Amino acid sequence: MGLSYRGHRPPLSWLHLTFIALGGLVLFFIVAPILGIYLKSTYGEIAEVAKEAEVRDSIWLTLWVSMAATLVFSIACVPFSYFLARKTFPLKGIVMGIIDLPVIVPHSVAGIAILTVVSRDTLIGDTSEWLGIDLIGTPWGIAAAMAFVSVPFLISAARDGFAAVPERLENVALGLGASPLRVFLTISMPLAWRAIASGLILMWGRGMSEFGAVLIIAYHPMIAPVLIYERFGAFGLKYSRPISVLFMTVCLLMFIALRLLASGKKNAEG
């Protein structure tokens with residue numbers, strides 16, 4: 001008769017306690033600034049800036065443009081992620097490196113790089129102008145800057161999600177006569193949905209927080225990060241802090257809602 005250790009947990013060793021202490025330091029490093037900015041701001045200050053049309057418009061612009069950029073680019077990014085997860089081809093490592101490049105490029109460099117290809121007298125710039133779309137100083141340009149720095153997050157998450165889907169399931173469906181498109185839509189995507197949803201949320205959040213690239217492409221209309229920067233430069237910490245708290249609160253609520261929605265879908269499928 002074997003001994004059962006079910007329900008019995010070994011005591012924490014000094015190594016585990018060290019890891020917990022280090023984790024506590026990391027959490028403190030993250031929580032302290034966020035908690036500090038809330039404690040330093042009064043409800044009256046936050047309510048006052050919330051009444052300003054410029055503040056509300058900048059927050060709304062930031063939210064909808066980042067969301068639109070995420071949804072539009074996902075149409076190409078998700079299928080491409082599946083291809084990267086399933087296929088091996090020459091120079092794949094270089095392609096993966098190119099995809100990750102926007103993550104390490106300085107934000108100001110990203111803005112200048114985008115400006116180089118969307119300004120007038122360029123193929124993209126002239127084509128968009130012919131179509132009646134101005135990419136400089138418009139939400140279109142803001143969306144391009146946000147997407148440039150955030151696309152790698154969606155591709156990486158979706159690629160890992162597709163890689164975790166057993167290929168044998170797809171092969172069985174193909175063997176039964178299902179088309180590759182049907183297999184992708186009814187098997188691969190549903191099984192990788194959690195990773196795709198996480199990638200969409202990360203891309204949205206990263207795009208929404210972008211500052212440097214957007215500042216170069218479109219100072220006006222102002223997104224929230226640019227407005228906060230302007231208020232800080234013109235009036236100092238006292239007048240920029242309440243806007244920061246308001247914007248961070250809105251982002252946090254939306255982030256939580258999207259996470260709950262994604263987890264709710266997972267539970268429903270389970």
# chains A, B, ... in the order shown; residues from 1 in each chain; ligands from 1
$ residues_around --residues "segment 40-53 of chain A" --least-positions-apart "6" --cutoff "12 Å" --atoms "only C-alpha atoms" --output "list in words"
Ala32, Pro33, Ile34, Ile59, Trp60, Leu61, Leu227, Ile228, Arg231, Leu237, Lys238, Tyr239, Ser240, Arg241, Pro242, Ile243, Ser244, Val245, Leu246, Phe247, Met248, Thr249 and Val250 of chain A
$ write_last_selection --atoms "N, CA and C atoms" --output "PDB file, in the first residue's frame"
ATOM      1  N   ALA A  32       3.887  50.848  -6.524  1.00  0.00           N
ATOM      2  CA  ALA A  32       4.165  52.103  -5.812  1.00  0.00           C
ATOM      3  C   ALA A  32       3.913  53.347  -6.664  1.00  0.00           C
ATOM      4  N   PRO A  33       4.423  53.435  -7.889  1.00  0.00           N
ATOM      5  CA  PRO A  33       4.146  54.634  -8.687  1.00  0.00           C
ATOM      6  C   PRO A  33       2.666  54.803  -9.014  1.00  0.00           C
ATOM      7  N   ILE A  34       1.997  53.663  -9.317  1.00  0.00           N
ATOM      8  CA  ILE A  34       0.577  53.746  -9.653  1.00  0.00           C
ATOM      9  C   ILE A  34      -0.234  54.182  -8.446  1.00  0.00           C
ATOM     10  N   ILE A  59      -8.991  61.442 -24.903  1.00  0.00           N
ATOM     11  CA  ILE A  59      -9.121  60.072 -24.407  1.00  0.00           C
ATOM     12  C   ILE A  59      -9.943  59.233 -25.371  1.00  0.00           C
ATOM     13  N   TRP A  60     -11.045  59.785 -25.853  1.00  0.00           N
ATOM     14  CA  TRP A  60     -11.893  59.058 -26.793  1.00  0.00           C
ATOM     15  C   TRP A  60     -11.127  58.772 -28.097  1.00  0.00           C
ATOM     16  N   LEU A  61     -10.371  59.766 -28.578  1.00  0.00           N
ATOM     17  CA  LEU A  61      -9.578  59.569 -29.793  1.00  0.00           C
ATOM     18  C   LEU A  61      -8.567  58.445 -29.598  1.00  0.00           C
ATOM     19  N   LEU A 227      -1.379  64.876 -24.971  1.00  0.00           N
ATOM     20  CA  LEU A 227      -1.990  65.945 -24.171  1.00  0.00           C
ATOM     21  C   LEU A 227      -1.373  65.994 -22.776  1.00  0.00           C
ATOM     22  N   ILE A 228      -1.156  64.841 -22.186  1.00  0.00           N
ATOM     23  CA  ILE A 228      -0.527  64.784 -20.858  1.00  0.00           C
ATOM     24  C   ILE A 228       0.866  65.380 -20.915  1.00  0.00           C
ATOM     25  N   ARG A 231       0.529  69.210 -21.206  1.00  0.00           N
ATOM     26  CA  ARG A 231       0.138  69.816 -19.932  1.00  0.00           C
ATOM     27  C   ARG A 231       1.309  69.807 -18.948  1.00  0.00           C
ATOM     28  N   LEU A 237       3.579  69.211 -13.013  1.00  0.00           N
ATOM     29  CA  LEU A 237       3.022  67.951 -12.519  1.00  0.00           C
ATOM     30  C   LEU A 237       1.592  68.109 -12.003  1.00  0.00           C
ATOM     31  N   LYS A 238       1.308  69.213 -11.339  1.00  0.00           N
ATOM     32  CA  LYS A 238       0.011  69.391 -10.703  1.00  0.00           C
ATOM     33  C   LYS A 238      -1.141  69.318 -11.700  1.00  0.00           C
ATOM     34  N   TYR A 239      -0.924  69.831 -12.911  1.00  0.00           N
ATOM     35  CA  TYR A 239      -2.003  69.881 -13.894  1.00  0.00           C
ATOM     36  C   TYR A 239      -1.994  68.687 -14.854  1.00  0.00           C
ATOM     37  N   SER A 240      -0.894  67.983 -14.906  1.00  0.00           N
ATOM     38  CA  SER A 240      -0.840  66.806 -15.776  1.00  0.00           C
ATOM     39  C   SER A 240      -1.228  65.534 -15.037  1.00  0.00           C
ATOM     40  N   ARG A 241      -1.055  65.518 -13.719  1.00  0.00           N
ATOM     41  CA  ARG A 241      -1.328  64.310 -12.938  1.00  0.00           C
ATOM     42  C   ARG A 241      -2.797  63.895 -12.957  1.00  0.00           C
ATOM     43  N   PRO A 242      -3.768  64.805 -12.773  1.00  0.00           N
ATOM     44  CA  PRO A 242      -5.172  64.365 -12.804  1.00  0.00           C
ATOM     45  C   PRO A 242      -5.586  63.746 -14.133  1.00  0.00           C
ATOM     46  N   ILE A 243      -5.062  64.285 -15.245  1.00  0.00           N
ATOM     47  CA  ILE A 243      -5.374  63.698 -16.550  1.00  0.00           C
ATOM     48  C   ILE A 243      -4.772  62.303 -16.651  1.00  0.00           C
ATOM     49  N   SER A 244      -3.578  62.152 -16.127  1.00  0.00           N
ATOM     50  CA  SER A 244      -2.932  60.835 -16.139  1.00  0.00           C
ATOM     51  C   SER A 244      -3.760  59.818 -15.369  1.00  0.00           C
ATOM     52  N   VAL A 245      -4.268  60.231 -14.208  1.00  0.00           N
ATOM     53  CA  VAL A 245      -5.094  59.332 -13.400  1.00  0.00           C
ATOM     54  C   VAL A 245      -6.381  58.982 -14.123  1.00  0.00           C
ATOM     55  N   LEU A 246      -7.017  59.971 -14.731  1.00  0.00           N
ATOM     56  CA  LEU A 246      -8.271  59.725 -15.451  1.00  0.00           C
ATOM     57  C   LEU A 246      -8.045  58.775 -16.619  1.00  0.00           C
ATOM     58  N   PHE A 247      -7.002  59.025 -17.396  1.00  0.00           N
ATOM     59  CA  PHE A 247      -6.714  58.184 -18.555  1.00  0.00           C
ATOM     60  C   PHE A 247      -6.351  56.767 -18.130  1.00  0.00           C
ATOM     61  N   MET A 248      -5.537  56.650 -17.080  1.00  0.00           N
ATOM     62  CA  MET A 248      -5.137  55.334 -16.600  1.00  0.00           C
ATOM     63  C   MET A 248      -6.334  54.562 -16.060  1.00  0.00           C
ATOM     64  N   THR A 249      -7.247  55.243 -15.416  1.00  0.00           N
ATOM     65  CA  THR A 249      -8.439  54.581 -14.884  1.00  0.00           C
ATOM     66  C   THR A 249      -9.319  54.048 -16.003  1.00  0.00           C
ATOM     67  N   VAL A 250      -9.524  54.867 -17.030  1.00  0.00           N
ATOM     68  CA  VAL A 250     -10.330  54.434 -18.173  1.00  0.00           C
ATOM     69  C   VAL A 250      -9.693  53.229 -18.846  1.00  0.00           C
TER      70      VAL A 250
END
$ select_by_dssp --residues "segment 85-198 of chain A" --states "alpha helix (DSSP H)" --output "ChimeraX atom specification"
/A:85-86,92-104,107-118,123-130,139-163,167-175,180-183,189-191,193-198
$ closest_residue --among "A:Phe29, A:Trp64, A:Phe73, A:Trp130" --to "Val151 of chain A" --atoms "only C-alpha atoms"
A:Phe73
$ closest_residue --among "A:Gly161, A:Pro166, A:Pro79, A:Gly24" --to "Phe184 of chain A" --atoms "only C-alpha atoms"
A:Pro79
$ residues_around --residues "Trp140 of chain A" --least-positions-apart "3" --cutoff "12 Å" --atoms "only C-alpha atoms" --output "PyMOL selection string"
chain A and resi 61+64-66+68-69+72+118+125+128-129+132-137+143-147+214+217-218+220-221
$ write_last_selection --atoms "C-alpha atoms" --output "compact mmCIF listing (two decimals), in the first residue's frame"
# COMPACT_ATOMS: atom_id res chain seq x y z
CA LEU A 61 -9.58 59.57 -29.79
CA TRP A 64 -11.15 54.33 -30.72
CA VAL A 65 -8.10 54.82 -32.96
CA SER A 66 -6.06 52.20 -31.09
CA ALA A 68 -9.60 50.41 -34.87
CA ALA A 69 -5.91 49.91 -35.68
CA VAL A 72 -7.96 46.33 -38.98
CA VAL A 118 3.84 58.22 -45.60
CA GLY A 125 1.82 59.26 -49.37
CA SER A 128 -3.26 57.96 -50.03
CA GLU A 129 -3.54 61.59 -51.12
CA GLY A 132 -8.38 61.50 -50.39
CA ILE A 133 -6.66 60.20 -47.24
CA ASP A 134 -4.12 62.38 -45.46
CA LEU A 135 -1.82 60.36 -43.23
CA ILE A 136 -0.09 63.30 -41.56
CA GLY A 137 -1.86 65.01 -38.67
CA ALA A 143 -3.41 54.53 -36.31
CA ALA A 144 -0.37 53.79 -38.49
CA ALA A 145 2.02 54.83 -35.72
CA MET A 146 0.13 52.81 -33.10
CA ALA A 147 0.00 49.73 -35.31
CA VAL A 214 2.48 59.54 -32.69
CA ILE A 217 3.23 61.77 -37.17
CA ALA A 218 0.36 63.74 -35.65
CA HIS A 220 -2.72 67.29 -33.58
CA PRO A 221 -5.32 65.94 -33.07
$ closest_residue --among "A:Leu63, A:Lys87, A:Met254, A:Leu176" --to "Pro225 of chain A" --atoms "only C-alpha atoms"
A:Leu63
$ closest_residue --among "A:Leu91, A:Ile187, A:Ile256, A:Val55" --to "Leu174 of chain A" --atoms "only C-alpha atoms"
A:Ile187
